[in-house]
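Asks: Input: one structure, supplied below.
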Amino acid sequence: PGPRLRRQQGGYVMIHVVSERVYKSGKYWRGCLSYSADGSPEVLQKWFRGSSCMDICRKMLDFSSRGFSPALLYGKFVEEEYLPYKRNTIKLSSYSRLHSTCRLSGHALQEIDASHCLSVLRDMQQDGFSKSSLDKVYEFFNNSFNYAVQQGHIDRNPLFNVPKLYSLQPRKEVSVYTDDDIRKLWQGCYTLTHLARYRFSVLFLLMTGLRCGELLALDKSDFNLPERFVRVRSSFTYVYDTDKGKAVSLIDSPKTASGYRTVPLNDSAYGIACHLFELYPHTPYFIASGTGTRVLPRNYSRMLQRLCADCDVTYRGIHATRHSFATKLIRSGVPVKTVSELLGHSNVQTTLNLYVHPDLSDLRAALNWLKL
C-alpha cells in the first residue's frame with residue numbers, strides 16, 4: 001500500500017492504495033483492491049478475477065499504475081462489451097431485441113444491486129407486462145452481470161439467489177378465427193378484387209400454420225408442388241441497425257432450430273399455392289407487392305385488417321391464423337407431437353401450454369370416473 005501516480009487526460013491522478021486482498025474462490029482467484037483517488041477521502045474498491053494469485057497481483061499492479069478509470073456505466077458496458085459478445089452466440093433479431101432492453105444505463109455497474117433490478121421488474125409488473133416479458137428482462141440482467149463477473153468488472157452477480165417475479169396479468173386466451181370466420185374469409189378472398197392479390201395467402205396460412213414472417217420469406221424454390229410440400233428455411237424480420245439508428249428488414253433464420261421444417265400441403269393449400277404461382281409468374285417470391293418486391297409485415301397486416309372488415313369478421317391479428325390451425329388439429333384428435341412438429345415449436349410443452357386446455361365438459365367427464 002502507498003501513493004502511486006497515474007497519467008490521466010494530460011495530468012496526474014494520485015492513487016493511494018489502502019489495502020490489497022487476494023484469495024481463492026472455487027476454481028478462480030479473486031482480489032479486492034481498496035484505494036482512494038485524487039485526495040478524496042472516499043475509499044473505493046476494485047475487484048479482480050484471475051487464474052492464479054500471480055495473475056491477480058499483475059492485474060492489481062497494472063490497474064494501480066495506469067489502469068485507474070472512472071466508474072463504468074452499465075449502459076456503456078452493455079453497449080460496448082456484453083452485446084458484441086452475445087452477437088456471436090444468438091440470432092441477429094434476438095440481438096436487436098436485447099439492444100433495447102437495457103434500463104439501467106445511467107447507473108455505475110459496480111453500484112447496481114438487487115434493488116435496482118427489482119425496481120425495474122416491479123415497474124414492468126405494475127404496467128401489466130406478461131410473465132414471458134418479465135423473464136426475458138430478468139435473464140438479460142442476470143446474464144449480463146454474469147459476464148461482468150467473468151470480465152472482472154464486479155465480484156458478484158447482484159441477482160444471485162433473487163427469484164423471478166410473476167405477472168399480475170391473467171393468462172390470455174388464445175385468439176382464433178371460428179369456422180364461420182374462415183368461411184367468410186375464404187369467400188371474401190375470391191370476391192373482394194379491390195384488395196391486393198396476395199390476399200389468397202391468408203387462406204394458405206390457415207391451411208399450413210406458418211408464421212407471417214415465414215410466409216413472407218418464402219420463395220418459389222422452397223416449394224415442391226409435385227410432392228406437395230414446402231420447406232420453411234427462413235423468416236422475414238425487423239432488426240435494429242446501430243449504424244442507421246433504426247429498425248431495418250431482412251431475411252433471417254427461423255425463430256428456433258425446430259423452425260427448419262417441411263410442411264405438407266393438403267388439397268386446399270396445394271390449390272392456393274398453384275393459384276399464387278399463376279398470379280406472380282415473373283418474380284422468385286411466393287407473394288410480392290405491386291412493384292415486385294417482398295411484402296412488408298406491416299402492409300400484410302393492413303391487408304388482413306381490410307379483408308376482415310369487408311368480410312364482417314373480427315380482426316384477431318395475423319398470428320391468430322396459426323392459432324386457428326393448431327386449435328383445429330388438436331380438437332380433431334391429432335397427436336400433440338405431430339402438431340408441435342408442424343408448427344415448428346422447440347418442444348411439445350410449448351404446444352401443450354398454448355393449445356391444450358380442458359374446458360368444463362372435459363373436467364366434468366374426468367370427475368365422472370370417480371363413482372362410489
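Letters A, B, ... mark the chains of the C-alpha cells in the order given; residue numbers begin at 1 per chain; ligand numbers begin at 1, in order shown.
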Please extract the residues of range 47-255 of chain A with a backbone DSSP assignment of alpha helix (DSSP H) and present them as a VMD selection string.

Replies: chain A and resid 53 to 62 74 to 77 83 to 87 92 to 99 114 to 126 131 to 150 179 to 191 201 to 208 212 to 216

Asks: Quick one: which range 268-372 of chain A residues come within 7 Å of range 208-220 of chain A, and what is the nearest atom pair for each with the distance in Å to one decimal, counting only C-alpha atoms, rows ordered by chain and ascending number, as a Markdown table?

Replies:
| residue | atom | partner | partner_atom | distance |
| --- | --- | --- | --- | --- |
| A:Pro284 | CA | A:Asp219 | CA | 5.8 |
| A:Tyr285 | CA | A:Asp219 | CA | 4.3 |
| A:Phe286 | CA | A:Asp219 | CA | 5.0 |
| A:Arg294 | CA | A:Leu216 | CA | 6.9 |
| A:Val295 | CA | A:Leu216 | CA | 6.4 |
| A:Ile318 | CA | A:Cys212 | CA | 6.8 |
| A:His319 | CA | A:Arg211 | CA | 6.8 |
| A:Thr321 | CA | A:Gly209 | CA | 6.8 |
| A:Arg322 | CA | A:Gly209 | CA | 4.4 |
| A:Phe325 | CA | A:Gly209 | CA | 5.4 |
| A:Ala326 | CA | A:Gly209 | CA | 6.9 |
| A:Leu343 | CA | A:Gly209 | CA | 6.2 |

Asks: Please produce a file of the residues just selected, as an mmCIF file, in the first residue's frame, where the atoms kept are N, CA, C and O atoms.

Replies:
data_model
loop_
_atom_site.group_PDB
_atom_site.id
_atom_site.type_symbol
_atom_site.label_atom_id
_atom_site.label_comp_id
_atom_site.auth_asym_id
_atom_site.auth_seq_id
_atom_site.Cartn_x
_atom_site.Cartn_y
_atom_site.Cartn_z
ATOM 1 N N PRO A 284 -39.393 -14.299 -58.184
ATOM 2 C CA PRO A 284 -38.978 -15.524 -57.483
ATOM 3 C C PRO A 284 -39.677 -15.706 -56.144
ATOM 4 O O PRO A 284 -39.582 -16.775 -55.542
ATOM 5 N N TYR A 285 -40.399 -14.659 -55.690
ATOM 6 C CA TYR A 285 -41.049 -14.723 -54.392
ATOM 7 C C TYR A 285 -42.400 -15.426 -54.500
ATOM 8 O O TYR A 285 -43.073 -15.371 -55.529
ATOM 9 N N PHE A 286 -42.816 -16.062 -53.412
ATOM 10 C CA PHE A 286 -44.112 -16.735 -53.381
ATOM 11 C C PHE A 286 -45.237 -15.718 -53.502
ATOM 12 O O PHE A 286 -46.195 -15.907 -54.255
ATOM 13 N N ARG A 294 -40.634 -7.907 -51.942
ATOM 14 C CA ARG A 294 -41.274 -8.674 -50.875
ATOM 15 C C ARG A 294 -42.304 -7.820 -50.137
ATOM 16 O O ARG A 294 -42.122 -6.610 -49.974
ATOM 17 N N VAL A 295 -43.358 -8.447 -49.672
ATOM 18 C CA VAL A 295 -44.397 -7.753 -48.911
ATOM 19 C C VAL A 295 -43.893 -7.520 -47.493
ATOM 20 O O VAL A 295 -43.369 -8.431 -46.847
ATOM 21 N N ILE A 318 -52.642 -11.422 -37.235
ATOM 22 C CA ILE A 318 -52.141 -12.413 -38.188
ATOM 23 C C ILE A 318 -51.844 -13.730 -37.482
ATOM 24 O O ILE A 318 -52.119 -14.814 -38.011
ATOM 25 N N HIS A 319 -51.300 -13.660 -36.269
ATOM 26 C CA HIS A 319 -50.890 -14.890 -35.585
ATOM 27 C C HIS A 319 -52.087 -15.760 -35.230
ATOM 28 O O HIS A 319 -51.923 -16.964 -34.958
ATOM 29 N N THR A 321 -54.229 -16.797 -37.243
ATOM 30 C CA THR A 321 -54.366 -17.836 -38.274
ATOM 31 C C THR A 321 -53.595 -19.085 -37.860
ATOM 32 O O THR A 321 -54.041 -20.214 -38.084
ATOM 33 N N ARG A 322 -52.437 -18.896 -37.239
ATOM 34 C CA ARG A 322 -51.625 -20.015 -36.747
ATOM 35 C C ARG A 322 -52.319 -20.690 -35.567
ATOM 36 O O ARG A 322 -52.350 -21.926 -35.477
ATOM 37 N N PHE A 325 -55.201 -22.797 -36.909
ATOM 38 C CA PHE A 325 -54.693 -24.043 -37.497
ATOM 39 C C PHE A 325 -54.409 -25.071 -36.411
ATOM 40 O O PHE A 325 -54.851 -26.231 -36.489
ATOM 41 N N ALA A 326 -53.680 -24.673 -35.379
ATOM 42 C CA ALA A 326 -53.288 -25.606 -34.327
ATOM 43 C C ALA A 326 -54.487 -26.073 -33.503
ATOM 44 O O ALA A 326 -54.614 -27.260 -33.181
ATOM 45 N N LEU A 343 -45.940 -27.025 -36.422
ATOM 46 C CA LEU A 343 -45.816 -25.615 -36.049
ATOM 47 C C LEU A 343 -44.363 -25.165 -35.929
ATOM 48 O O LEU A 343 -44.082 -23.971 -35.926
#

Asks: Quick one: of A:Leu121, A:Gly292, A:Pro297, A:Gln187, who's nearest to Val162 in chain A, counting only C-alpha atoms?

Replies: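 With only C-alpha atoms as the atom set, the closest residue is A:Leu121.
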
Asks: Using DSSP on the backbone coordinates, identify the residues of range 232-284 of chain A assigned to strand (DSSP E); present them as a PyMOL selection string.

Replies: chain A and resi 232+235-241+246-252+261-264

Asks: Between CA of Thr237 in chain A and CA of Leu296 in chain A, what distance in Å does the model show, to one decimal?

Replies: 9.1 Å
